[in-house]
$ cat input_17.txt   # compact mmCIF, C-alpha atoms
# COMPACT_ATOMS: atom_id res chain seq x y z
CA SER A 1 55.13 199.97 -63.54
CA ALA A 2 57.44 201.32 -60.87
CA TYR A 3 60.73 202.94 -61.90
CA THR A 4 63.72 204.20 -59.98
CA ALA A 5 64.50 207.85 -60.81
CA THR A 6 67.59 208.27 -58.62
CA SER A 7 69.49 206.05 -56.23
CA MET A 8 72.59 205.81 -54.06
CA GLN A 9 73.79 202.30 -53.32
CA SER A 10 76.56 200.78 -51.28
CA VAL A 11 77.80 197.69 -53.13
CA ILE A 12 79.88 195.16 -51.22
CA SER A 13 82.17 192.70 -53.00
CA GLY A 14 84.19 190.54 -50.63
CA ALA A 15 86.06 192.81 -48.26
CA SER A 16 85.58 195.87 -50.54
CA ALA A 17 82.68 198.29 -50.87
CA SER A 18 81.82 200.95 -53.45
CA LEU A 19 79.30 203.78 -53.35
CA ILE A 20 77.24 204.08 -56.56
CA PHE A 21 75.13 207.06 -57.69
CA SER A 22 72.47 206.48 -60.38
CA THR A 23 69.93 208.70 -62.14
CA ALA A 24 67.24 208.43 -64.84
CA PRO A 25 66.10 211.07 -67.39
CA ASN A 26 62.67 211.09 -65.78
CA TRP A 27 60.57 208.84 -63.57
CA THR A 28 58.63 207.39 -66.53
CA ASN A 29 61.67 206.56 -68.68
CA GLY A 30 63.02 203.34 -67.26
CA ASN A 31 65.26 202.42 -64.39
CA ALA A 32 68.19 204.55 -63.26
CA THR A 33 71.61 204.28 -64.92
CA GLU A 34 74.84 204.44 -62.96
CA ARG A 35 76.49 207.86 -63.39
CA MET A 36 79.22 207.93 -60.75
CA ARG A 37 80.90 205.65 -58.23
CA ILE A 38 83.40 206.00 -55.42
CA THR A 39 85.47 202.84 -55.21
CA SER A 40 86.77 201.15 -52.09
CA ALA A 41 90.17 202.75 -52.82
CA GLY A 42 88.60 206.21 -52.76
CA ASN A 43 88.84 206.75 -56.52
CA LEU A 44 86.03 208.65 -58.27
CA LEU A 45 84.65 207.21 -61.52
CA VAL A 46 82.32 209.34 -63.65
CA GLY A 47 80.58 207.54 -66.51
CA ASP A 48 82.82 204.51 -65.96
CA THR A 49 82.65 201.38 -63.82
CA VAL A 50 86.25 200.15 -64.11
CA ASP A 51 88.74 201.26 -61.47
CA ARG A 52 91.91 202.10 -63.45
CA SER A 53 93.94 202.98 -60.34
CA ASN A 54 93.49 206.70 -61.07
CA SER A 55 91.96 209.06 -58.54
CA LEU A 56 89.53 210.45 -61.13
CA VAL A 57 88.24 208.70 -64.24
CA VAL A 58 85.82 210.50 -66.57
CA ASN A 59 84.43 208.49 -69.46
CA ALA A 60 82.18 210.67 -71.62
CA PRO A 61 80.40 210.05 -74.92
CA ALA A 62 81.96 211.60 -78.01
CA THR A 63 79.31 214.30 -78.20
CA VAL A 64 80.20 216.08 -74.93
CA ASN A 65 83.27 217.38 -73.13
CA ALA A 66 84.63 214.98 -70.53
CA LEU A 67 85.47 217.79 -68.10
CA TYR A 68 83.91 221.26 -67.93
CA LEU A 69 85.55 224.04 -65.87
CA ASN A 70 83.79 227.37 -65.34
CA VAL A 71 84.80 230.51 -63.40
CA GLN A 72 83.44 234.02 -63.04
CA THR A 73 84.27 236.68 -65.64
CA GLY A 74 87.81 238.06 -65.33
CA TYR A 75 89.41 234.99 -63.75
CA ASN A 76 91.71 232.27 -65.08
CA SER A 77 90.38 228.71 -65.22
CA GLY A 78 92.78 225.82 -64.82
CA ILE A 79 94.11 222.66 -63.27
CA GLN A 80 96.90 222.43 -60.69
CA PHE A 81 99.30 219.49 -60.35
CA ALA A 82 100.71 219.05 -56.85
CA GLU A 83 103.07 216.74 -55.00
CA ASN A 84 102.65 216.39 -51.23
CA ASN A 85 100.27 219.40 -51.32
CA SER A 86 102.88 221.54 -53.10
CA VAL A 87 101.74 222.80 -56.52
CA LYS A 88 104.31 222.03 -59.22
CA TRP A 89 102.54 222.90 -62.49
CA GLN A 90 99.40 224.62 -63.69
CA LEU A 91 97.46 224.50 -66.96
CA GLN A 92 95.41 227.67 -67.30
CA SER A 93 92.86 229.11 -69.69
CA LEU A 94 93.48 232.84 -69.30
CA ALA A 95 90.74 235.32 -68.48
CA SER A 96 88.78 236.96 -71.31
CA GLY A 97 90.04 234.42 -73.86
CA ALA A 98 93.60 235.81 -73.76
CA GLY A 99 95.12 232.39 -74.36
CA PHE A 100 96.28 229.19 -72.69
CA ARG A 101 99.47 228.69 -70.68
CA PHE A 102 101.67 226.14 -68.93
CA TYR A 103 102.97 227.60 -65.66
CA ASP A 104 105.93 226.22 -63.68
CA ASN A 105 105.22 226.90 -60.00
CA VAL A 106 108.60 225.60 -58.85
CA ALA A 107 110.49 228.16 -60.95
CA GLY A 108 107.72 230.75 -60.73
CA GLN A 109 107.72 231.15 -64.51
CA GLU A 110 105.37 230.69 -67.42
CA ARG A 111 106.88 228.12 -69.80
CA VAL A 112 104.51 227.91 -72.77
CA ARG A 113 101.68 230.10 -74.06
CA ILE A 114 99.20 229.82 -76.90
CA ASP A 115 97.78 233.29 -77.44
CA SER A 116 94.29 234.18 -78.64
CA ALA A 117 95.50 234.37 -82.26
CA GLY A 118 96.92 230.83 -82.15
CA ASN A 119 100.59 231.84 -81.91
CA LEU A 120 102.84 229.64 -79.75
CA GLY A 121 105.39 231.08 -77.34
CA ILE A 122 108.05 229.07 -75.51
CA GLY A 123 109.83 231.09 -72.83
CA THR A 124 107.74 234.16 -73.68
CA ASP A 125 104.18 235.27 -72.95
CA SER A 126 104.18 237.51 -76.06
CA PRO A 127 104.65 235.34 -79.16
CA ASN A 128 104.80 237.11 -82.54
CA ALA A 129 106.72 240.10 -81.19
CA SER A 130 107.76 240.88 -84.79
CA GLU A 131 104.08 241.42 -85.54
CA PHE A 132 103.40 239.19 -88.53
CA GLY A 133 99.91 239.63 -89.95
CA THR A 134 96.85 238.30 -88.14
CA ASN A 135 96.49 235.41 -90.62
CA SER A 136 100.04 234.15 -89.94
CA ARG A 137 100.85 231.70 -87.16
CA VAL A 138 104.14 232.19 -85.33
CA LEU A 139 106.33 230.02 -83.10
CA SER A 140 108.41 232.23 -80.80
CA ILE A 141 111.18 230.77 -78.61
CA SER A 142 112.88 233.07 -76.12
CA GLY A 143 115.66 232.90 -73.60
CA THR A 144 114.57 233.85 -70.09
CA ALA A 145 117.46 236.12 -69.05
CA ALA A 146 119.90 238.66 -70.51
CA ASN A 147 122.25 237.24 -73.19
CA ASN A 148 120.22 234.03 -73.42
CA PHE A 149 118.34 233.12 -76.57
CA GLY A 150 115.82 230.74 -78.09
CA VAL A 151 116.89 227.55 -79.84
CA LEU A 152 115.06 225.25 -82.25
CA GLU A 153 116.70 221.83 -81.90
CA LEU A 154 115.81 218.89 -84.16
CA GLN A 155 117.07 215.50 -83.00
CA ALA A 156 117.33 212.10 -84.66
CA PRO A 157 118.33 208.96 -82.72
CA SER A 158 121.05 206.57 -83.95
CA VAL A 159 121.47 207.97 -87.48
CA THR A 160 123.55 205.84 -89.86
CA GLY A 161 124.85 206.23 -93.41
CA THR A 162 123.85 209.57 -94.92
CA ASN A 163 120.41 209.67 -93.36
CA ARG A 164 118.80 212.85 -92.10
CA LEU A 165 119.41 214.52 -88.75
CA GLY A 166 116.55 216.95 -89.27
CA GLU A 167 114.76 219.03 -91.88
CA ILE A 168 112.77 222.22 -92.26
CA ARG A 169 110.33 222.40 -95.19
CA PHE A 170 108.50 225.31 -96.78
CA HIS A 171 105.34 224.20 -98.60
CA ASN A 172 102.84 225.82 -100.91
CA ILE A 173 99.71 223.75 -100.36
CA ALA A 174 97.70 224.25 -103.55
CA ALA A 175 94.19 222.82 -103.31
CA GLY A 176 93.80 219.97 -105.76
CA GLY A 177 97.13 220.71 -107.42
CA THR A 178 100.67 219.39 -107.55
CA TYR A 179 103.12 221.19 -105.34
CA GLY A 180 106.76 220.99 -104.35
CA PHE A 181 108.72 222.43 -101.49
CA SER A 182 111.85 224.28 -100.50
CA GLY A 183 113.83 223.00 -97.57
CA ILE A 184 116.95 222.91 -95.44
CA ARG A 185 118.19 219.43 -94.62
CA ALA A 186 120.91 218.20 -92.24
CA THR A 187 122.44 214.75 -92.86
CA ARG A 188 125.11 212.53 -91.38
CA ASP A 189 128.33 212.96 -93.37
CA GLY A 190 130.66 209.97 -93.06
CA ALA A 191 130.78 209.70 -89.27
CA ASP A 192 128.57 210.15 -86.21
CA ASP A 193 130.35 213.41 -85.34
CA SER A 194 130.18 214.86 -88.87
CA SER A 195 127.27 216.45 -90.69
CA ALA A 196 126.34 218.24 -93.91
CA LEU A 197 123.73 220.87 -94.69
CA SER A 198 121.82 221.04 -97.98
CA PHE A 199 119.32 223.46 -99.49
CA TRP A 200 116.47 222.27 -101.72
CA THR A 201 114.05 224.05 -104.05
CA SER A 202 111.29 223.03 -106.46
CA ASN A 203 110.88 223.82 -110.15
CA ALA A 204 107.56 222.84 -111.76
CA ALA A 205 106.85 220.46 -108.86
CA THR A 206 110.25 218.75 -109.20
CA THR A 207 112.29 219.13 -106.03
CA GLY A 208 116.07 218.84 -105.99
CA GLU A 209 119.14 219.72 -103.99
CA ARG A 210 120.71 223.01 -105.13
CA VAL A 211 123.42 223.82 -102.58
CA ARG A 212 125.41 221.70 -100.14
CA ILE A 213 127.85 222.53 -97.36
CA ASP A 214 129.76 219.38 -96.40
CA SER A 215 131.43 218.50 -93.11
CA ALA A 216 134.73 220.02 -94.30
CA GLY A 217 133.07 223.36 -95.02
CA ASN A 218 133.19 222.98 -98.82
CA VAL A 219 130.26 224.55 -100.67
CA GLY A 220 128.78 222.78 -103.66
CA ILE A 221 126.40 224.42 -106.11
CA GLY A 222 124.90 221.94 -108.52
CA THR A 223 126.92 219.10 -106.98
CA THR A 224 126.44 216.92 -103.90
CA VAL A 225 130.20 216.19 -103.63
CA PRO A 226 132.06 219.51 -103.44
CA ASN A 227 135.84 219.09 -103.76
CA PHE A 228 136.78 222.74 -103.21
CA LYS A 229 135.82 225.57 -100.90
CA THR A 230 133.43 226.71 -103.62
CA HIS A 231 132.58 224.06 -106.21
CA ILE A 232 130.13 225.02 -108.98
CA SER A 233 128.90 222.43 -111.44
CA THR A 234 126.67 223.08 -114.44
CA GLY A 235 125.91 219.36 -114.74
CA SER A 236 127.35 219.16 -118.28
CA THR A 237 130.82 218.04 -117.18

$ encode --input "input_17.txt" --output "structure tokens"
Amino acid sequence: SAYTATSMQSVISGASASLIFSTAPNWTNGNATERMRITSAGNLLVGDTVDRSNSLVVNAPATVNALYLNVQTGYNSGIQFAENNSVKWQLQSLASGAGFRFYDNVAGQERVRIDSAGNLGIGTDSPNASEFGTNSRVLSISGTAANNFGVLELQAPSVTGTNRLGEIRFHNIAAGGTYGFSGIRATRDGADDSSALSFWTSNAATTGERVRIDSAGNVGIGTTVPNFKTHISTGST
């Protein structure tokens, strides 16, 4: 039998034409399979036959990487995003495995970095400046100029009632066991422009609110409705 090992075909459909590249594993293993095509719009399809109106489409099986970038030792590897031939952003894998970064070419500044230890820096290329241990993972947010600072902002859209505006939780994940958490929770407090802050802890896997600061600035310990600047309730009265 005769088989086609490789081929390049021009396929015409109506007023449009595509250029198709096909290969086979070897000349005795069946006819060639399409690997790549250039559509009539100039888009490049790799492993795909459907033009999705993108300049480059790569459709790879689950067992391989869809896109492989390689450079010589000591150089960054990355992708640039440009508008009218002007580079706006870059995604870069840093040389020698130093990390991965998002670079803003318009501002001439690095915006985000994941370092080689897995720490995440926003506004800084040196996350974990406080030098937590190597087994810790740190999120560092930095201002970019003197007297500016990092901010962690949690948002919630269209909150009603006493629902949450945001929450930070501290978990002990015990394998196969029951666990609780400690947390800091912000809630709506009577109006859209009013909020309360509460602190939660766990005792024998039972989690409960321990302290609350309401929108008036009253502090409640053991009560969720503080009536005084400092209101302590033992729960017995």

$ closest_residue --input "input_17.txt" --among "A:Ile173, A:Leu139, A:Ala41, A:Leu56" --to "Ser16 (chain A)" --atoms "all atoms listed in the file"
A:Ala41

$ residues_around --input "input_17.txt" --residues "Val57 (chain A)" --least-positions-apart "6" --cutoff "9 Å" --atoms "all atoms listed in the file" --output "list in words"
Asn43, Leu44, Leu45, Val46, Gly47, Asp48, Val50 and Asp51 of chain A

$ atom_distance --input "input_17.txt" --atom1 "CA of Ser40 (chain A)" --atom2 "CA of Ser18 (chain A)"
5.1 Å

$ residues_around --input "input_17.txt" --residues "Gln80 (chain A)" --least-positions-apart "2" --cutoff "10 Å" --atoms "all atoms listed in the file" --output "PyMOL selection string"
chain A and resi 78+82+86-92+103+105

$ atom_distance --input "input_17.txt" --atom1 "CA of Leu197 (chain A)" --atom2 "CA of Gly121 (chain A)"
27.2 Å

$ residues_near_point --input "input_17.txt" --point "(119.9, 223.4, -95.9)" --cutoff "10 Å" --atoms "only C-alpha atoms" --output "list in words"
Gly166, Glu167, Ile168, Arg169, Ser182, Gly183, Ile184, Arg185, Ala186, Thr187, Ala196, Leu197, Ser198, Phe199, Trp200, Glu209, Arg210, Val211, Arg212 and Ile213 of chain A

$ atom_distance --input "input_17.txt" --atom1 "CA of Pro127 (chain A)" --atom2 "CA of Ala107 (chain A)"
20.4 Å

$ closest_residue --input "input_17.txt" --among "A:Met8, A:Pro61, A:Gly220, A:Asn227" --to "Ile38 (chain A)" --atoms "all atoms listed in the file"
A:Met8

$ residues_around --input "input_17.txt" --residues "Phe181 (chain A)" --least-positions-apart "6" --cutoff "7 Å" --atoms "only C-alpha atoms" --output "PyMOL selection string"
chain A and resi 169-172+201-202+207

$ residues_around --input "input_17.txt" --residues "Glu110 (chain A)" --least-positions-apart "5" --cutoff "9 Å" --atoms "all atoms listed in the file" --output "PyMOL selection string"
chain A and resi 101-105+122-125

$ write_last_selection --input "input_17.txt" --atoms "C-alpha atoms" --output "PDB file, in the coordinates of the input"
ATOM      1  CA  ARG A 101      99.470 228.690 -70.680  1.00  0.00           C
ATOM      2  CA  PHE A 102     101.670 226.140 -68.930  1.00  0.00           C
ATOM      3  CA  TYR A 103     102.970 227.600 -65.660  1.00  0.00           C
ATOM      4  CA  ASP A 104     105.930 226.220 -63.680  1.00  0.00           C
ATOM      5  CA  ASN A 105     105.220 226.900 -60.000  1.00  0.00           C
ATOM      6  CA  ILE A 122     108.050 229.070 -75.510  1.00  0.00           C
ATOM      7  CA  GLY A 123     109.830 231.090 -72.830  1.00  0.00           C
ATOM      8  CA  THR A 124     107.740 234.160 -73.680  1.00  0.00           C
ATOM      9  CA  ASP A 125     104.180 235.270 -72.950  1.00  0.00           C
TER      10      ASP A 125
END

$ build_atoms --input "input_17.txt" --residues "region 80-103 of chain A" --atoms "N, CA, C and O atoms" --output "tab-separated table (two decimals), in the coordinates of the input"
chain	number	residue	atom	x	y	z
A	80	GLN	N	95.61	222.43	-61.38
A	80	GLN	CA	96.90	222.43	-60.69
A	80	GLN	C	97.37	221.00	-60.46
A	80	GLN	O	96.56	220.12	-60.18
A	81	PHE	N	98.68	220.79	-60.59
A	81	PHE	CA	99.30	219.49	-60.35
A	81	PHE	C	100.25	219.63	-59.16
A	81	PHE	O	101.20	220.41	-59.21
A	82	ALA	N	99.96	218.89	-58.10
A	82	ALA	CA	100.71	219.05	-56.85
A	82	ALA	C	101.34	217.75	-56.41
A	82	ALA	O	100.91	216.65	-56.79
A	83	GLU	N	102.40	217.87	-55.63
A	83	GLU	CA	103.07	216.74	-55.00
A	83	GLU	C	103.21	217.04	-53.51
A	83	GLU	O	103.80	218.05	-53.13
A	84	ASN	N	102.63	216.19	-52.67
A	84	ASN	CA	102.65	216.39	-51.23
A	84	ASN	C	102.10	217.78	-50.87
A	84	ASN	O	102.66	218.51	-50.07
A	85	ASN	N	100.98	218.13	-51.53
A	85	ASN	CA	100.27	219.40	-51.32
A	85	ASN	C	101.05	220.63	-51.77
A	85	ASN	O	100.68	221.76	-51.44
A	86	SER	N	102.12	220.42	-52.54
A	86	SER	CA	102.88	221.54	-53.10
A	86	SER	C	102.65	221.59	-54.60
A	86	SER	O	102.98	220.64	-55.32
A	87	VAL	N	102.07	222.69	-55.09
A	87	VAL	CA	101.74	222.80	-56.52
A	87	VAL	C	103.02	222.91	-57.34
A	87	VAL	O	103.89	223.74	-57.06
A	88	LYS	N	103.14	222.05	-58.35
A	88	LYS	CA	104.31	222.03	-59.22
A	88	LYS	C	104.04	222.70	-60.57
A	88	LYS	O	104.87	223.43	-61.08
A	89	TRP	N	102.89	222.38	-61.16
A	89	TRP	CA	102.54	222.90	-62.49
A	89	TRP	C	101.08	223.31	-62.52
A	89	TRP	O	100.27	222.79	-61.76
A	90	GLN	N	100.78	224.23	-63.44
A	90	GLN	CA	99.40	224.62	-63.69
A	90	GLN	C	99.14	224.70	-65.20
A	90	GLN	O	100.01	225.13	-65.96
A	91	LEU	N	97.96	224.25	-65.62
A	91	LEU	CA	97.46	224.50	-66.96
A	91	LEU	C	96.31	225.49	-66.80
A	91	LEU	O	95.38	225.23	-66.04
A	92	GLN	N	96.39	226.62	-67.51
A	92	GLN	CA	95.41	227.67	-67.30
A	92	GLN	C	94.85	228.21	-68.61
A	92	GLN	O	95.60	228.49	-69.55
A	93	SER	N	93.52	228.33	-68.65
A	93	SER	CA	92.86	229.11	-69.69
A	93	SER	C	92.75	230.52	-69.14
A	93	SER	O	92.13	230.75	-68.10
A	94	LEU	N	93.36	231.49	-69.84
A	94	LEU	CA	93.48	232.84	-69.30
A	94	LEU	C	92.17	233.61	-69.44
A	94	LEU	O	91.37	233.39	-70.35
A	95	ALA	N	91.97	234.53	-68.53
A	95	ALA	CA	90.74	235.32	-68.48
A	95	ALA	C	90.49	236.05	-69.79
A	95	ALA	O	91.43	236.46	-70.50
A	96	SER	N	89.22	236.21	-70.13
A	96	SER	CA	88.78	236.96	-71.31
A	96	SER	C	89.30	236.38	-72.61
A	96	SER	O	89.47	237.11	-73.60
A	97	GLY	N	89.59	235.07	-72.63
A	97	GLY	CA	90.04	234.42	-73.86
A	97	GLY	C	91.41	234.86	-74.33
A	97	GLY	O	91.72	234.79	-75.52
A	98	ALA	N	92.27	235.30	-73.39
A	98	ALA	CA	93.60	235.81	-73.76
A	98	ALA	C	94.55	234.72	-74.23
A	98	ALA	O	95.57	235.01	-74.86
A	99	GLY	N	94.25	233.47	-73.93
A	99	GLY	CA	95.12	232.39	-74.36
A	99	GLY	C	95.14	231.24	-73.36
A	99	GLY	O	94.30	231.17	-72.44
A	100	PHE	N	96.12	230.38	-73.53
A	100	PHE	CA	96.28	229.19	-72.69
A	100	PHE	C	97.76	229.08	-72.34
A	100	PHE	O	98.63	229.32	-73.19
A	101	ARG	N	98.07	228.73	-71.08
A	101	ARG	CA	99.47	228.69	-70.68
A	101	ARG	C	99.80	227.50	-69.79
A	101	ARG	O	98.95	226.95	-69.11
A	102	PHE	N	101.08	227.13	-69.82
A	102	PHE	CA	101.67	226.14	-68.93
A	102	PHE	C	102.56	226.91	-67.95
A	102	PHE	O	103.52	227.57	-68.38
A	103	TYR	N	102.25	226.81	-66.67
A	103	TYR	CA	102.97	227.60	-65.66
A	103	TYR	C	103.73	226.68	-64.72
A	103	TYR	O	103.18	225.72	-64.17
